[in-house]
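*Asks:* Dumping the structure here so I can ask a few things about it.
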Amino acid sequence: MKRQKMIRVMMMSVALSVVTMGGCTPKTDNGGDGKGLSTAVETESGTETGTEEETLDAETMDVIKYNIYVELNNYMVEVMDNIDNYYLVVEDADEFSMVPDSGYTYKFGISPMNSDIVDDATSVAALEPAYEELDDLVLQIAGPMKILMDTFSDIYHCNNFADNQYAKPKEFHVPVRENAAEFQDLAYQFMEAISEMSGERMAAGEQKMLDEGQIIAYNASHMITLGKQILDECYKQEIDDANITELDLTEIRPLFEELKQTVDAFNEATGDNNQLMKESLSSSTPMYGLPGSLVQSVEWMIKQVESGRPIPDPGSEYLGGIIHIEQELSECIDQYNTVFAGD
């Protein structure tokens with residue numbers, strides 16, 4: 001089966017006001033916020049516990065560990081994007097050389113990243129509850145992932161890469177070349193495992209949202225669930241943008257109809273000030289225009305399939321392609337994590 005693009009994962013909300021990781025430096029690159037884990041916790045009432053440390057209950061610890069692994073997954077997506085962009089410009093070979101006539105300059109599309117999340121993940125890997133396969137994968141992937149994140153940050157901040165016959169790029173190429181393949185293999189294993197865990201947890205979480213009357217949060221979550229199911233159907237058929245006209249839309253059409261209904265329900269709920277107050281939301285557009293964009297991306301894909309026309313450049317984001325849906329879904333997940341899970 002073809003490997004699908006790595007997709008970001010939704011976090012779960014933590015029932016504590018503040019949870020921080022002692023000893024971790026604030027994240028500055030790539031939009032990080034410096035949040036992590038510690039046994040020093042601020043209580044729901046807002047009263048600090050002072051220097052006395054409290055032991056987190058098992059349920060809270062489970063959510064915290066899960067969220068750290070989700071964040072690790074979401075950083076893996078960006079590392080994978082960096083690898084893809086790197087090899088648009090640099091030959092995939094042991095010796096450093098530029099791709100002839102690539103049309104891109106060195107460090108095109110490379111994003112800087114703070115690797116503290118890797119330290120956070122390895123810190124909780126040994127803690128209860130045990131996630132077995134995921135814990136083991138975290139310990140295996142930590143080394144190559146941290147090296148790649150730090151190297152790509154060095155590439156991003158390098159401004160003299162053409163000096164001395166690309167001496168610095170030749171230096172950077174060694175850790176990328178030595179770690180990219182191992183990272184990719186482990187990252188796909190991790191992605192599949194966390195995605196399976198996420199599906200189970202989000203189904204239970206969505207039911208809890210409904211039971212508690214959290215209609216806005218439920219519809220925000222469910223639209224993402226449906227977006228993933230649509231992509232999963234594409235992946236199951238081994239379809240990507242290169243052969244998109246072969247996609248069987250039988251299972252996708254009802255998912256698309258449910259997605260539209262879910263987004264309509266989300267928009268209706270966010271238009272109710274009482275519901276906004278109930279869910280402690282200050283904005284009537286907590287997801288901005290992303291839900292509508294997600295619907296539109298799927299609609300364009302369906303029309304592309306129905307047209308019978310292949311996508312002219314299947315390796316890049318194209319309106320009507322699967323890559324575009326993946327991008328829109330990732331943005332929805334990022335915003336969901338910020339608004340509803342306190343990322």
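Ordering of the structure tokens sets the chain letters (A, B, ...), residue numbers begin anew at 1 in every chain, and ligands are numbered from 1 in the order given.
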Counting only C-alpha atoms, which residues of region 64-151 of chain A sit at most 7 Å from some atom of region 171-186 of chain A, and what is each one's closest atom pair with its distance in Å to one decimal, listed by chain and rising residue number, as JSON lines?

*Replies:*
{"residue": "A:Asp94", "atom": "CA", "partner": "A:Arg177", "partner_atom": "CA", "distance": 6.8}
{"residue": "A:Phe96", "atom": "CA", "partner": "A:His173", "partner_atom": "CA", "distance": 6.3}
{"residue": "A:Leu137", "atom": "CA", "partner": "A:Leu186", "partner_atom": "CA", "distance": 6.8}
{"residue": "A:Ile141", "atom": "CA", "partner": "A:Phe183", "partner_atom": "CA", "distance": 6.2}
{"residue": "A:Pro144", "atom": "CA", "partner": "A:Asn179", "partner_atom": "CA", "distance": 5.2}
{"residue": "A:Met145", "atom": "CA", "partner": "A:Phe183", "partner_atom": "CA", "distance": 6.2}
{"residue": "A:Ile147", "atom": "CA", "partner": "A:Pro175", "partner_atom": "CA", "distance": 6.9}
{"residue": "A:Leu148", "atom": "CA", "partner": "A:Val176", "partner_atom": "CA", "distance": 6.1}
{"residue": "A:Thr151", "atom": "CA", "partner": "A:Phe172", "partner_atom": "CA", "distance": 6.5}

*Asks:* Using 7 Å as the limit and counting only C-alpha atoms, can you tabulate each residue of region 249-331 of chain A that touches region 197-218 of chain A, with its shortest atom-to-atom distance in Å and the two atoms involved, as JSON lines?

*Replies:*
{"residue": "A:Phe266", "atom": "CA", "partner": "A:Ile216", "partner_atom": "CA", "distance": 5.6}
{"residue": "A:Ala269", "atom": "CA", "partner": "A:Ile216", "partner_atom": "CA", "distance": 5.8}
{"residue": "A:Thr270", "atom": "CA", "partner": "A:Ile216", "partner_atom": "CA", "distance": 6.5}
{"residue": "A:Glu279", "atom": "CA", "partner": "A:Gln214", "partner_atom": "CA", "distance": 6.3}

*Asks:* Do you have the CA of Gln165 (chain A)-CA of Ile110 (chain A) distance handy?

*Replies:* 20.5 Å

*Asks:* Between A:Thr122, A:Ser115, A:Asn67, A:Asn219, which has the minimum distance to Met149 (chain A) (counting only C-alpha atoms)?

*Replies:*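 Of all the options, A:Ser115 lies closest to Met149 (chain A).
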
*Asks:* Would you kindly return, as a PyMOL selection string, each protein, DNA or RNA residue with an atom no farther than 10 Å from any atom of Pro312 (chain A), considering only C-alpha atoms and excluding same-chain residues fewer than 6 positions away?

*Replies:* chain A and resi 241-242+318

*Asks:* Would you save the residues of that selection, restricted to C-alpha atoms, as a compact mmCIF listing (two decimals), in the first residue's frame?

*Replies:*
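Heads up, here's the output in out.txt:
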# COMPACT_ATOMS: atom_id res chain seq x y z
CA ASP A 241 -3.08 12.80 -6.80
CA ALA A 242 -1.23 10.88 -9.53
CA TYR A 318 -3.64 21.40 -6.23

*Asks:* Pick out the residues sitting within 10 Å of Pro100 (chain A), and hand them over as a list in words; count only C-alpha atoms, and ignore anything fewer than 5 positions along from it in its own chain.

*Replies:*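 These residues fall inside the cut-off: Val89, Val90 and Glu91 of chain A.
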
*Asks:* Apply DSSP to the structure's backbone, then extract all residues of region 93-232 of chain A labelled helix (DSSP H, G or I) and return them as an MDAnalysis selection string.

*Replies:* chainID A and resid 116:125 133:157 167:211 215:232

*Asks:* Near Ala58 (chain A), counting only C-alpha atoms, which residues have an atom at most 12 Å away, once you skip same-chain residues fewer than 5 positions from it, shown as a PyMOL selection string?

*Replies:* chain A and resi 63-65+127-130

*Asks:* Please dump the current selection as a PDB file, in the first residue's frame; keep C-alpha atoms.

*Replies:*
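Okay, out12.pdb is ready:
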ATOM      1  CA  VAL A  63      -4.182  12.645  28.996  1.00  0.00           C
ATOM      2  CA  ILE A  64      -0.908  14.533  29.460  1.00  0.00           C
ATOM      3  CA  LYS A  65       1.181  11.660  28.093  1.00  0.00           C
ATOM      4  CA  LEU A 127       5.916   6.734  33.004  1.00  0.00           C
ATOM      5  CA  GLU A 128       2.565   5.078  33.591  1.00  0.00           C
ATOM      6  CA  PRO A 129       0.320   4.420  31.850  1.00  0.00           C
ATOM      7  CA  ALA A 130       2.406   2.265  29.540  1.00  0.00           C
TER       8      ALA A 130
END

*Asks:* Rank nothing, just name the residue among A:Asp313, A:Asp81, A:Ser283, A:Ala162 nearest to Met98 (chain A), using only C-alpha atoms.

*Replies:*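 Looking at the shortest contact to Met98 (chain A), the residue is A:Ala162.
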
*Asks:* Could you tell me how far CA of Val124 (chain A) lies from CA of Ser195 (chain A), in Å and to one decimal?

*Replies:*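 Here the two named atoms are 18.8 Å from each other.
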
*Asks:* Name the residues in contact with Lys168 (chain A) at a cut-off of 12 Å, using only C-alpha atoms, excluding same-chain residues fewer than 6 positions from it; report them as a list in words.

*Replies:*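 Skipping anything fewer than 6 positions along the chain leaves Phe96, Tyr106, Lys107, Thr151, Asp154, Ile155, Tyr156, His157, Cys158, Asn159, Asn160, Phe161, Ala162 and Val174 of chain A.
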
*Asks:* Can I get the selected residues back with N, CA and C atoms, as a PDB file, in the first residue's frame?

*Replies:*
ATOM      1  N   PHE A  96      27.079  15.246  -1.228  1.00  0.00           N
ATOM      2  CA  PHE A  96      26.227  16.424  -1.421  1.00  0.00           C
ATOM      3  C   PHE A  96      26.361  16.946  -2.845  1.00  0.00           C
ATOM      4  N   TYR A 106      18.677  26.553  -2.330  1.00  0.00           N
ATOM      5  CA  TYR A 106      18.977  25.788  -1.118  1.00  0.00           C
ATOM      6  C   TYR A 106      18.224  26.360   0.068  1.00  0.00           C
ATOM      7  N   LYS A 107      17.712  25.493   0.915  1.00  0.00           N
ATOM      8  CA  LYS A 107      16.881  25.711   2.107  1.00  0.00           C
ATOM      9  C   LYS A 107      15.463  26.163   1.770  1.00  0.00           C
ATOM     10  N   THR A 151      19.245  19.998  12.881  1.00  0.00           N
ATOM     11  CA  THR A 151      19.944  20.258  11.619  1.00  0.00           C
ATOM     12  C   THR A 151      19.126  21.160  10.720  1.00  0.00           C
ATOM     13  N   ASP A 154      19.386  24.603  11.881  1.00  0.00           N
ATOM     14  CA  ASP A 154      20.677  25.176  11.483  1.00  0.00           C
ATOM     15  C   ASP A 154      20.652  25.596  10.013  1.00  0.00           C
ATOM     16  N   ILE A 155      20.047  24.763   9.181  1.00  0.00           N
ATOM     17  CA  ILE A 155      19.930  25.112   7.759  1.00  0.00           C
ATOM     18  C   ILE A 155      19.110  26.381   7.592  1.00  0.00           C
ATOM     19  N   TYR A 156      17.997  26.449   8.299  1.00  0.00           N
ATOM     20  CA  TYR A 156      17.113  27.618   8.195  1.00  0.00           C
ATOM     21  C   TYR A 156      17.853  28.901   8.563  1.00  0.00           C
ATOM     22  N   HIS A 157      18.670  28.836   9.610  1.00  0.00           N
ATOM     23  CA  HIS A 157      19.350  30.037  10.106  1.00  0.00           C
ATOM     24  C   HIS A 157      20.656  30.328   9.379  1.00  0.00           C
ATOM     25  N   CYS A 158      21.074  29.455   8.467  1.00  0.00           N
ATOM     26  CA  CYS A 158      22.324  29.650   7.739  1.00  0.00           C
ATOM     27  C   CYS A 158      22.102  30.604   6.559  1.00  0.00           C
ATOM     28  N   ASN A 159      22.939  31.611   6.460  1.00  0.00           N
ATOM     29  CA  ASN A 159      22.801  32.593   5.375  1.00  0.00           C
ATOM     30  C   ASN A 159      24.014  32.644   4.454  1.00  0.00           C
ATOM     31  N   ASN A 160      25.020  31.845   4.744  1.00  0.00           N
ATOM     32  CA  ASN A 160      26.224  31.864   3.911  1.00  0.00           C
ATOM     33  C   ASN A 160      26.450  30.509   3.254  1.00  0.00           C
ATOM     34  N   PHE A 161      25.359  29.868   2.871  1.00  0.00           N
ATOM     35  CA  PHE A 161      25.483  28.499   2.386  1.00  0.00           C
ATOM     36  C   PHE A 161      26.224  28.374   1.060  1.00  0.00           C
ATOM     37  N   ALA A 162      26.311  29.450   0.277  1.00  0.00           N
ATOM     38  CA  ALA A 162      27.015  29.372  -1.007  1.00  0.00           C
ATOM     39  C   ALA A 162      28.516  29.614  -0.862  1.00  0.00           C
ATOM     40  N   VAL A 174      25.336  15.556   5.950  1.00  0.00           N
ATOM     41  CA  VAL A 174      25.716  14.299   6.604  1.00  0.00           C
ATOM     42  C   VAL A 174      24.651  13.828   7.596  1.00  0.00           C
TER      43      VAL A 174
END

*Asks:* Near Ser280 (chain A), within 10 Å and counting only C-alpha atoms, which residues show up once chain neighbours fewer than 5 positions away are dropped, as a PyMOL selection string?

*Replies:* chain A and resi 274-275+340
